[in-house]
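Okay, target_16.cif is below, mmCIF, C-alpha atoms and all ligand atoms:
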```cif
data_protein
loop_
_atom_site.label_atom_id
_atom_site.label_comp_id
_atom_site.auth_asym_id
_atom_site.auth_seq_id
_atom_site.Cartn_x
_atom_site.Cartn_y
_atom_site.Cartn_z
CA MET A 1 0.00 0.00 0.00
CA GLN A 2 1.37 3.40 -0.99
CA GLN A 3 1.18 6.20 1.56
CA ASP A 4 -0.20 8.61 -1.01
CA GLU A 5 -3.16 6.43 -2.02
CA SER A 6 -6.15 8.74 -2.25
CA LYS A 7 -8.63 7.72 0.44
CA THR A 8 -11.57 8.16 -1.87
CA GLY A 9 -9.91 6.37 -4.77
CA GLU A 10 -12.10 3.90 -6.63
CA GLY A 11 -9.57 1.23 -5.92
CA VAL A 12 -10.28 1.32 -2.17
CA LEU A 13 -13.08 -0.32 -0.22
CA PHE A 14 -13.43 0.87 3.37
CA VAL A 15 -14.78 -1.74 5.77
CA GLY A 16 -15.64 -1.76 9.45
CA ILE A 17 -15.48 -5.15 11.16
CA ASP A 18 -16.81 -6.01 14.60
CA LEU A 19 -15.05 -9.18 15.67
CA GLY A 20 -17.14 -10.57 18.50
CA THR A 21 -17.19 -13.60 20.76
CA SER A 22 -20.61 -14.69 19.65
CA SER A 23 -21.20 -12.84 16.40
CA SER A 24 -19.08 -10.84 13.98
CA ALA A 25 -20.33 -8.16 11.62
CA ILE A 26 -19.00 -6.21 8.67
CA SER A 27 -20.18 -2.93 7.20
CA ALA A 28 -18.64 -1.76 3.91
CA GLY A 29 -18.44 1.50 2.02
CA ASN A 30 -20.29 -0.13 -0.89
CA GLY A 31 -23.41 -0.39 1.32
CA GLU A 32 -23.09 -4.10 2.17
CA LEU A 33 -23.87 -5.06 5.77
CA LYS A 34 -23.43 -8.67 6.87
CA TRP A 35 -23.00 -10.71 10.01
CA VAL A 36 -22.20 -14.26 11.00
CA GLU A 37 -22.05 -16.19 14.28
CA SER A 38 -18.37 -16.41 15.22
CA TYR A 39 -18.05 -20.14 14.61
CA VAL A 40 -15.48 -21.64 12.29
CA GLY A 41 -15.30 -25.38 11.65
CA TRP A 42 -13.13 -27.73 9.64
CA PRO A 43 -14.23 -31.28 8.68
CA LYS A 44 -12.83 -33.83 11.13
CA ASP A 45 -11.91 -36.44 8.50
CA PHE A 46 -12.54 -37.39 4.90
CA ILE A 47 -16.02 -38.76 5.61
CA ALA A 48 -16.92 -35.47 7.30
CA ALA A 49 -15.47 -33.58 4.34
CA LYS A 50 -17.73 -35.59 2.02
CA VAL A 51 -20.77 -34.99 4.24
CA VAL A 52 -20.36 -31.21 4.56
CA GLY A 53 -18.90 -30.69 1.09
CA LYS A 54 -16.81 -27.65 1.99
CA PRO A 55 -13.25 -27.17 3.27
CA VAL A 56 -14.37 -24.76 6.02
CA LEU A 57 -17.76 -23.75 7.42
CA PHE A 58 -18.93 -20.63 9.23
CA GLY A 59 -21.66 -19.45 11.58
CA MET A 60 -24.90 -21.43 11.85
CA ASP A 61 -23.77 -23.64 8.99
CA ALA A 62 -20.81 -24.72 11.13
CA LEU A 63 -22.87 -25.06 14.30
CA LYS A 64 -25.47 -27.27 12.59
CA ASN A 65 -22.76 -29.57 11.26
CA ARG A 66 -20.77 -29.54 14.49
CA LEU A 67 -20.69 -33.34 14.82
CA SER A 68 -18.63 -33.54 11.62
CA LEU A 69 -16.38 -30.61 12.46
CA ASP A 70 -13.57 -29.40 14.61
CA LEU A 71 -15.44 -26.35 15.77
CA TYR A 72 -13.82 -23.13 16.98
CA ARG A 73 -15.20 -20.00 18.56
CA PRO A 74 -11.87 -18.19 18.50
CA LEU A 75 -12.61 -15.24 20.81
CA GLU A 76 -14.26 -17.34 23.49
CA LYS A 77 -13.54 -15.34 26.65
CA GLY A 78 -13.26 -12.01 24.85
CA PHE A 79 -9.72 -12.62 23.62
CA LEU A 80 -7.82 -14.80 21.22
CA LYS A 81 -6.03 -17.77 22.77
CA GLU A 82 -2.68 -17.11 21.16
CA GLY A 83 -0.31 -19.94 20.50
CA THR A 84 -3.19 -22.29 19.73
CA SER A 85 -2.64 -21.80 16.05
CA LYS A 86 -6.10 -23.15 15.17
CA ASP A 87 -7.76 -20.22 16.95
CA GLU A 88 -5.57 -17.79 15.07
CA GLU A 89 -6.37 -19.58 11.83
CA ALA A 90 -10.07 -19.46 12.71
CA VAL A 91 -9.91 -15.68 13.11
CA ARG A 92 -8.10 -15.45 9.79
CA GLU A 93 -10.76 -17.54 8.06
CA LEU A 94 -13.53 -15.54 9.72
CA ILE A 95 -12.06 -12.24 8.50
CA HIS A 96 -11.63 -13.67 5.03
CA HIS A 97 -15.23 -14.89 5.04
CA LEU A 98 -16.56 -11.51 6.22
CA VAL A 99 -14.58 -9.62 3.58
CA LYS A 100 -15.90 -11.96 0.87
CA LEU A 101 -19.48 -11.38 2.08
CA VAL A 102 -19.31 -7.67 1.19
CA LYS A 103 -18.12 -8.50 -2.35
CA PRO A 104 -15.10 -6.28 -2.97
CA LEU A 105 -14.35 -5.67 -6.63
CA LYS A 106 -11.39 -7.44 -8.15
CA GLY A 107 -8.19 -5.60 -7.32
CA GLN A 108 -9.93 -3.28 -4.85
CA LYS A 109 -7.76 -2.49 -1.83
CA ILE A 110 -9.34 -3.14 1.54
CA HIS A 111 -8.88 -0.54 4.28
CA ALA A 112 -10.25 -2.13 7.43
CA VAL A 113 -10.96 -0.85 10.90
CA VAL A 114 -11.47 -3.83 13.19
CA GLY A 115 -13.23 -3.47 16.52
CA VAL A 116 -12.36 -6.21 19.02
CA PRO A 117 -13.38 -6.82 22.64
CA ALA A 118 -11.50 -4.40 24.89
CA GLU A 119 -9.56 -7.24 26.54
CA SER A 120 -8.45 -8.57 23.19
CA PHE A 121 -7.47 -5.04 22.22
CA LYS A 122 -5.09 -4.98 25.19
CA VAL A 123 -3.53 -8.41 24.78
CA ASN A 124 -4.02 -9.52 21.16
CA LYS A 125 -3.47 -6.45 19.01
CA LEU A 126 -0.56 -8.09 17.22
CA ALA A 127 -2.28 -11.42 16.70
CA ILE A 128 -5.38 -9.71 15.33
CA ARG A 129 -3.21 -7.63 13.04
CA LYS A 130 -1.54 -10.80 11.77
CA ALA A 131 -4.91 -12.45 11.18
CA VAL A 132 -6.21 -9.54 9.15
CA SER A 133 -3.03 -8.80 7.26
CA GLY A 134 -3.71 -11.25 4.45
CA TYR A 135 -7.02 -9.61 3.59
CA ALA A 136 -6.46 -5.91 4.15
CA HIS A 137 -4.00 -3.43 2.71
CA SER A 138 -4.41 -0.96 5.56
CA LEU A 139 -5.62 -1.67 9.04
CA MET A 140 -6.45 -0.14 12.38
CA VAL A 141 -7.50 -2.20 15.40
CA VAL A 142 -9.73 -0.43 17.93
CA SER A 143 -11.73 -1.51 20.95
CA GLU A 144 -15.40 -2.33 20.27
CA PRO A 145 -16.99 0.23 22.57
CA PHE A 146 -14.86 2.96 20.98
CA ALA A 147 -16.12 1.93 17.54
CA VAL A 148 -19.70 2.08 18.82
CA ALA A 149 -19.11 5.51 20.39
CA TYR A 150 -17.60 6.87 17.19
CA GLY A 151 -20.49 5.59 15.08
CA LEU A 152 -22.99 7.35 17.33
CA ASN A 153 -20.91 10.53 17.32
CA LEU A 154 -20.51 10.25 21.08
CA LEU A 155 -17.09 11.78 21.19
CA ASN A 156 -17.34 13.80 24.37
CA ASN A 157 -18.78 13.27 27.87
CA ALA A 158 -20.31 9.88 27.27
CA MET A 159 -20.00 6.31 28.45
CA VAL A 160 -20.61 3.32 26.18
CA ILE A 161 -21.38 -0.04 27.75
CA ASP A 162 -21.18 -2.92 25.28
CA ILE A 163 -22.88 -6.00 26.76
CA GLY A 164 -21.59 -8.81 24.56
CA ALA A 165 -21.32 -12.57 24.87
CA GLY A 166 -17.81 -12.92 26.29
CA THR A 167 -17.41 -9.55 27.97
CA VAL A 168 -19.07 -6.35 29.06
CA ASP A 169 -16.85 -3.51 27.81
CA PHE A 170 -16.98 0.03 29.16
CA CYS A 171 -15.52 3.10 27.52
CA ILE A 172 -15.61 6.73 28.61
CA MET A 173 -15.36 9.25 25.78
CA HIS A 174 -13.95 12.65 26.65
CA GLY A 175 -13.03 14.32 23.42
CA THR A 176 -9.95 12.27 22.47
CA ILE A 177 -9.15 8.72 21.41
CA PRO A 178 -9.79 6.79 24.64
CA SER A 179 -6.75 5.36 26.43
CA GLU A 180 -6.63 2.09 28.38
CA ASP A 181 -7.53 4.04 31.53
CA ASP A 182 -10.80 5.10 29.94
CA GLN A 183 -11.80 1.49 29.36
CA SER A 184 -12.76 -1.42 31.50
CA THR A 185 -13.90 -5.01 30.98
CA ILE A 186 -15.93 -7.54 32.94
CA LEU A 187 -15.69 -11.20 31.95
CA ASN A 188 -19.26 -12.10 32.95
CA ALA A 189 -21.62 -11.33 30.08
CA GLY A 190 -24.08 -13.19 27.81
CA ASP A 191 -22.22 -16.52 27.87
CA TYR A 192 -22.11 -16.35 31.66
CA ILE A 193 -25.88 -15.78 31.82
CA ASP A 194 -26.36 -18.85 29.59
CA GLN A 195 -24.15 -20.94 31.87
CA GLN A 196 -25.97 -19.73 34.99
CA LEU A 197 -29.38 -20.40 33.47
CA TYR A 198 -28.24 -23.85 32.39
CA ASN A 199 -27.05 -24.65 35.92
CA PHE A 200 -30.27 -23.36 37.53
CA LEU A 201 -32.39 -25.43 35.14
CA VAL A 202 -30.34 -28.61 35.64
CA GLU A 203 -30.77 -28.18 39.38
CA LYS A 204 -34.52 -27.59 39.23
CA HIS A 205 -35.41 -30.01 36.43
CA PRO A 206 -32.91 -32.87 36.52
CA ASP A 207 -35.12 -35.10 34.34
CA SER A 208 -35.61 -32.59 31.53
CA THR A 209 -33.27 -32.63 28.54
CA PHE A 210 -31.86 -29.43 27.08
CA ASN A 211 -28.53 -28.08 25.87
CA MET A 212 -26.69 -24.77 26.00
CA ASN A 213 -28.00 -23.73 22.62
CA MET A 214 -31.63 -24.13 23.78
CA VAL A 215 -30.86 -22.26 26.98
CA LYS A 216 -29.35 -19.39 24.98
CA MET A 217 -32.55 -19.25 22.90
CA PHE A 218 -34.68 -19.15 26.07
CA LYS A 219 -32.63 -16.19 27.23
CA GLU A 220 -32.76 -14.37 23.89
CA HIS A 221 -36.54 -14.78 23.64
CA HIS A 222 -37.48 -14.19 27.26
CA GLY A 223 -34.52 -12.65 29.10
CA PHE A 224 -35.48 -9.93 31.57
CA VAL A 225 -34.42 -8.20 34.77
CA GLY A 226 -36.62 -6.51 37.36
CA ASP A 227 -40.37 -7.04 37.24
CA SER A 228 -41.56 -7.92 33.77
CA GLY A 229 -44.92 -9.29 34.87
CA ASP A 230 -45.00 -12.04 32.24
CA ALA A 231 -44.40 -15.64 33.22
CA VAL A 232 -41.77 -17.38 31.07
CA LYS A 233 -43.02 -20.77 29.91
CA VAL A 234 -41.07 -22.96 27.51
CA GLU A 235 -41.38 -26.50 26.19
CA ILE A 236 -38.59 -28.84 27.22
CA PRO A 237 -38.62 -32.60 26.60
CA VAL A 238 -38.94 -34.93 29.59
CA LYS A 239 -38.28 -38.56 28.67
CA GLY A 240 -38.79 -37.62 25.03
CA LYS A 241 -42.15 -35.83 25.54
CA PRO A 242 -42.47 -32.04 25.36
CA VAL A 243 -43.51 -30.58 28.71
CA VAL A 244 -44.19 -26.92 29.52
CA HIS A 245 -41.84 -25.57 32.17
CA ASP A 246 -42.22 -22.27 34.02
CA ILE A 247 -38.67 -20.89 34.09
CA THR A 248 -39.48 -17.27 35.09
CA ALA A 249 -37.49 -17.24 38.32
CA GLU A 250 -34.44 -18.93 36.77
CA VAL A 251 -34.36 -16.56 33.77
CA LYS A 252 -34.61 -13.53 36.02
CA ARG A 253 -31.93 -14.76 38.39
CA ALA A 254 -29.54 -15.63 35.55
CA CYS A 255 -30.00 -12.30 33.74
CA GLU A 256 -29.66 -10.34 36.96
CA SER A 257 -26.43 -12.16 37.85
CA ILE A 258 -24.38 -9.76 35.69
CA LEU A 259 -25.89 -6.56 37.13
CA PRO A 260 -23.89 -6.05 40.36
CA ALA A 261 -20.54 -6.04 38.52
CA ILE A 262 -21.92 -3.70 35.84
CA MET A 263 -23.20 -1.21 38.42
CA GLU A 264 -19.95 -1.37 40.37
CA THR A 265 -17.86 -0.73 37.25
CA ILE A 266 -19.99 2.22 36.11
CA THR A 267 -19.74 3.81 39.53
CA GLU A 268 -15.99 3.20 39.83
CA MET A 269 -15.14 4.50 36.37
CA ILE A 270 -17.18 7.66 36.77
CA ALA A 271 -15.88 8.25 40.30
CA LYS A 272 -12.26 8.30 39.16
CA PHE A 273 -13.04 10.68 36.31
CA ASP A 274 -12.57 14.46 36.62
CA PRO A 275 -15.34 15.56 39.07
CA GLU A 276 -16.40 18.46 36.90
CA TYR A 277 -17.44 16.08 34.10
CA GLN A 278 -18.96 13.24 36.14
CA ALA A 279 -22.55 14.49 35.98
CA GLY A 280 -22.24 15.00 32.20
CA ILE A 281 -21.15 11.42 31.69
CA ARG A 282 -23.94 10.07 33.90
CA ASP A 283 -26.37 11.96 31.67
CA ASN A 284 -25.03 10.27 28.55
CA ILE A 285 -24.75 6.52 29.06
CA VAL A 286 -25.38 4.30 26.05
CA LEU A 287 -25.93 0.54 26.05
CA ALA A 288 -24.86 -1.55 23.06
CA GLY A 289 -24.27 -5.24 22.30
CA GLY A 290 -26.78 -8.11 22.23
CA GLY A 291 -27.12 -8.00 26.02
CA SER A 292 -28.71 -4.55 25.77
CA LEU A 293 -31.78 -6.40 24.42
CA ILE A 294 -32.46 -8.00 27.82
CA LYS A 295 -35.82 -6.57 28.85
CA GLY A 296 -35.64 -4.05 31.66
CA ILE A 297 -31.84 -3.70 31.72
CA ARG A 298 -31.82 -0.06 30.57
CA ASP A 299 -34.48 0.84 33.16
CA TYR A 300 -32.64 -1.01 35.87
CA ILE A 301 -29.33 0.75 35.26
CA GLU A 302 -30.95 4.17 34.97
CA THR A 303 -33.12 3.77 38.05
CA THR A 304 -30.29 2.42 40.17
CA LEU A 305 -27.99 5.30 39.21
CA ARG A 306 -30.75 7.84 39.67
CA ASN A 307 -31.51 6.58 43.17
CA GLU A 308 -27.88 7.04 44.05
CA TYR A 309 -26.95 10.24 42.18
CA GLY A 310 -30.13 12.02 41.15
CA SER A 311 -29.89 12.98 37.51
CA CYS A 312 -28.77 10.45 34.90
CA SER A 313 -29.82 9.16 31.52
CA VAL A 314 -29.29 5.74 29.94
CA ARG A 315 -30.36 4.77 26.44
CA ALA A 316 -29.85 1.72 24.24
CA VAL A 317 -28.62 1.76 20.62
CA ASP A 318 -31.16 0.89 17.94
CA ASP A 319 -29.22 -1.89 16.23
CA PRO A 320 -26.94 -3.59 18.74
CA LEU A 321 -25.80 -6.18 16.19
CA PHE A 322 -24.36 -3.64 13.77
CA ALA A 323 -23.51 -0.59 15.89
CA GLY A 324 -19.87 -1.71 16.24
CA ALA A 325 -19.33 -2.50 12.55
CA LYS A 326 -21.03 0.70 11.41
CA GLY A 327 -18.94 2.74 13.83
CA ALA A 328 -15.78 1.01 12.61
CA LEU A 329 -16.71 1.87 9.02
CA ALA A 330 -17.31 5.50 9.97
CA LEU A 331 -13.85 5.52 11.57
CA ALA A 332 -12.33 3.96 8.46
CA GLU A 333 -13.88 6.59 6.22
CA ASP A 334 -12.82 9.50 8.43
CA MET A 335 -9.39 8.39 9.51
CA PRO A 336 -6.40 10.44 8.37
CA ILE A 337 -3.70 8.43 6.56
CA GLY A 338 -1.23 8.71 9.42
CA TYR A 339 -3.34 6.50 11.69
CA TRP A 340 -3.39 3.49 9.38
CA ASP A 341 -1.02 0.56 9.65
CA GLN A 342 0.14 -0.36 6.20
CA MET A 343 0.20 -4.11 5.77
N1 LIG B 1 -32.81 -10.52 22.63
C1 LIG B 1 -31.77 -10.80 23.40
N2 LIG B 1 -31.91 -10.82 24.75
C2 LIG B 1 -30.86 -11.13 25.54
N3 LIG B 1 -29.62 -11.41 25.09
C3 LIG B 1 -29.44 -11.40 23.77
C4 LIG B 1 -30.49 -11.10 22.85
N4 LIG B 1 -29.99 -11.17 21.59
C5 LIG B 1 -28.69 -11.50 21.72
N5 LIG B 1 -28.35 -11.66 23.01
C6 LIG B 1 -27.06 -12.07 23.57
O1 LIG B 1 -26.09 -11.09 23.24
C7 LIG B 1 -24.82 -11.74 23.12
C8 LIG B 1 -24.26 -11.41 21.76
O2 LIG B 1 -24.12 -10.03 21.66
P1 LIG B 1 -23.03 -9.38 20.73
O3 LIG B 1 -23.21 -9.86 19.34
O4 LIG B 1 -23.03 -7.93 21.00
O5 LIG B 1 -21.75 -10.07 21.37
P2 LIG B 1 -20.31 -10.24 20.77
O6 LIG B 1 -19.91 -8.96 20.12
O7 LIG B 1 -20.26 -11.45 19.93
O8 LIG B 1 -19.52 -10.51 22.09
P3 LIG B 1 -18.29 -9.70 22.69
O9 LIG B 1 -18.59 -8.24 22.49
O10 LIG B 1 -18.26 -10.13 24.12
O11 LIG B 1 -17.15 -10.18 21.90
C9 LIG B 1 -25.05 -13.23 23.24
O12 LIG B 1 -24.78 -13.63 24.57
C10 LIG B 1 -26.53 -13.33 22.95
O13 LIG B 1 -27.10 -14.49 23.53
MG MG B 2 -19.30 -7.29 20.72
#
```
Would it be possible to restate this file's structure as structure tokens?
Amino acid sequence: MQQDESKTGEGVLFVGIDLGTSSSAISAGNGELKWVESYVGWPKDFIAAKVVGKPVLFGMDALKNRLSLDLYRPLEKGFLKEGTSKDEEAVRELIHHLVKLVKPLKGQKIHAVVGVPAESFKVNKLAIRKAVSGYAHSLMVVSEPFAVAYGLNLLNNAMVIDIGAGTVDFCIMHGTIPSEDDQSTILNAGDYIDQQLYNFLVEKHPDSTFNMNMVKMFKEHHGFVGDSGDAVKVEIPVKGKPVVHDITAEVKRACESILPAIMETITEMIAKFDPEYQAGIRDNIVLAGGGSLIKGIRDYIETTLRNEYGSCSVRAVDDPLFAGAKGALALAEDMPIGYWDQM
């Protein structure tokens, strides 16, 4: 890549990628917007290869064929397990797949901004860079909540809380590119809720048969905190027959299990910020990530902060699945040449 490449040149496609634990999304300057569950699988043997008919599978396609595959979810706990070369290869394949989904023209140079979980941003920047290098001519790696903040034009006096699968990431914006001190991460997020709910259900209904995937669906369809009023009833097989189970209390308890750490982190981060700006940040808190779809979570956070501090305002982004990728694309399109890493 030449330094003097015009950033609006026809030969360049800007892309924003949100590389997530559970799902990854890409938004491109040509208007394409795509996402895929962050699963990558390779056939286990030659029979498997014949059955699935492809050298590598992604997303739901991979999950459905998991019995035939070596299946990877490369950013499991919010960061890439480096050294396990298969995880690195999985990220590489995932990036390649995402870039193909937005259909770059032949010969078009890819300038990519990649948002990764904040923890991964701290520890894996180099590995991520390596994974992307084959498919991008210029690259910048940023933390996910920063990409979200940029996309929403929340550049000053704001806090973004990205409730993902592997991590909850916090980022305070105060008019500059956020530093590590402006960011924080909790490792209990959507996956943790699923695990908790699974454990509660196993304990209460030892004879019913369900798996993690079903439990995740229960959460995504019915997850709530606080008082929703509606009972949560789902069908789960018992000895092969579908039986309706009331799982209201378990769903509530599992979803609420991540709240104390979230409240503590918000309070801590704002408390150590310049006192003159603390009230401004409390008035501009934005929730993103799939976890922001849990019913009642916005209300809960706002009410809890209000009871403690008086004024505060919390809102949720409209499209949690794409907010990171769209923000990363906006960054890519606006970024001066000097910020890019040339690959
Ligand atoms: N309607 C919903 N209600 C509750 N949770 C949901 C809902 N939809 C998605 N989720 C959960 O949100 C999480 C995925 O969100 P998101 O795509 O933002 O995460 P990610 O970017 O893959 O993870 P991370 O940011 O930790 O890397 C999963 O745990 C998923 O189960
Ligand atoms: Mg995410």
_as a VMD selection string, please: the residues near region 229-245 of chain A (cut-off 9 Å, all atoms listed in the file, same-chain neighbours under 4 positions excluded)._
chain A and resid 205 207 to 210 218 222 to 223 249 251
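We find CA of Met60 (chain A) and CA of Phe170 (chain A) to be spaced 28.7 Å apart.
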Centre and size of axis-aligned box enclosing ligand LIG 1 (chain B) plus 3 Å each side, as JSON:
```
{"center_x": -25.0, "center_y": -11.2, "center_z": 22.4, "size_x": 21.7, "size_y": 12.6, "size_z": 12.2}
```
*Shell of 9 Å around region 64-77 of chain A, only C-alpha atoms, local chain residues under 5 positions omitted, as a VMD selection string*: chain A and resid 19 to 22 37 to 45 47 to 49 51 to 52 56 to 57 59 86 to 91 117 120 165 to 167 187 191
Listing only residues of region 141-231 of chain A within 9 Å of region 320-339 of chain A, what is the closest atom pair and its distance in Å (to one decimal) for each, using all atoms listed in the file, sorted by chain and residue number ascending, as a Markdown table?
```
| residue | atom | partner | partner_atom | distance |
| --- | --- | --- | --- | --- |
| A:Val142 | CA | A:Ala328 | CA | 8.2 |
| A:Glu144 | CA | A:Gly324 | CA | 6.1 |
| A:Pro145 | CA | A:Gly324 | CA | 7.2 |
| A:Phe146 | CA | A:Gly327 | CA | 8.2 |
| A:Ala147 | CA | A:Gly327 | CA | 4.7 |
| A:Val148 | CA | A:Gly324 | CA | 4.6 |
| A:Ala149 | CA | A:Gly327 | CA | 7.1 |
| A:Tyr150 | CA | A:Gly327 | CA | 5.5 |
| A:Gly151 | CA | A:Gly327 | CA | 3.5 |
| A:Leu152 | CA | A:Gly327 | CA | 7.1 |
| A:Asn153 | CA | A:Gly327 | CA | 8.8 |
| A:Asp162 | CA | A:Pro320 | CA | 8.7 |
```
_Report as a list in words all protein, DNA and RNA residues lying within 9 Å of Ile270 (chain A), evaluated on only C-alpha atoms, omitting residues in the same chain fewer than 4 positions from it._
Met159, Ile172, Thr265, Ile266, Asp274, Pro275, Tyr277, Gln278, Ala279, Ile281 and Arg282 of chain A
*Between CA of Glu276 (chain A) and CA of Gly175 (chain A), distance in Å (one decimal)*: 14.5 Å
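Atom O3 of ligand LIG 1 (chain B) sits 9.4 Å away from CA of Trp35 (chain A).
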*Out of A:Arg253, A:Lys272, A:His97, A:Arg129, which residue has the shortest atom-to-atom distance to Val114 (chain A) when counting all atoms listed in the file?*
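Residue with the minimum atom-to-atom distance to Val114 (chain A): A:Arg129.
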*For Asp341 (chain A), which residue out of A:Ile193, A:Ala316, A:Ala136, A:Met263 is the nearest one, using only C-alpha atoms?*
A:Ala136
*Within 9 Å of Lys219 (chain A) using all atoms listed in the file, minus same-chain residues under 4 positions, as a PyMOL selection string*: chain A and resi 193-194+197+214-215+223-224+251+254-255+294
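Of the residues under consideration (A:Ala158, A:Ala189, A:Leu13, A:Ile163), A:Ala158 shows the shortest atom-to-atom contact distance to Thr176 (chain A) when counting all atoms listed in the file.
Distance check against Phe273 (chain A) using only C-alpha atoms: of A:Leu293, A:Asn157, A:Leu80, A:Lys34, the minimum falls on A:Asn157.
Residues in contact with Leu305 (chain A) at 10 Å, where all atoms listed in the file are counted and same-chain residues fewer than 3 positions away are skipped, are listed as A:Met263, A:Ile266, A:Thr267, A:Arg282, A:Asp299, A:Tyr300, A:Ile301, A:Glu302, A:Glu308, A:Tyr309, A:Gly310, A:Ser311, A:Cys312, A:Ser313, A:Val314.
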Could those residues be written to a file, using C-alpha atoms, as a CSV table (one decimal), keeping the file's coordinate frame?
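File produced: selection.csv:
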```csv
chain,number,residue,atom,x,y,z
A,263,MET,CA,-23.2,-1.2,38.4
A,266,ILE,CA,-20.0,2.2,36.1
A,267,THR,CA,-19.7,3.8,39.5
A,282,ARG,CA,-23.9,10.1,33.9
A,299,ASP,CA,-34.5,0.8,33.2
A,300,TYR,CA,-32.6,-1.0,35.9
A,301,ILE,CA,-29.3,0.8,35.3
A,302,GLU,CA,-31.0,4.2,35.0
A,308,GLU,CA,-27.9,7.0,44.0
A,309,TYR,CA,-27.0,10.2,42.2
A,310,GLY,CA,-30.1,12.0,41.2
A,311,SER,CA,-29.9,13.0,37.5
A,312,CYS,CA,-28.8,10.4,34.9
A,313,SER,CA,-29.8,9.2,31.5
A,314,VAL,CA,-29.3,5.7,29.9
```
*Counting only C-alpha atoms, the option among A:Lys103, A:Ala112, A:Met217, A:Val141 closest to Ala127 (chain A)*: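 Of all the options, A:Val141 lies closest to Ala127 (chain A).
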_I need the residue nearest Gly226 (chain A) from this list: A:Asn188, A:Thr303, A:Asn213, A:Gln195. Use all atoms listed in the file for the distance._
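Closest residue, counting all atoms listed in the file: A:Thr303.
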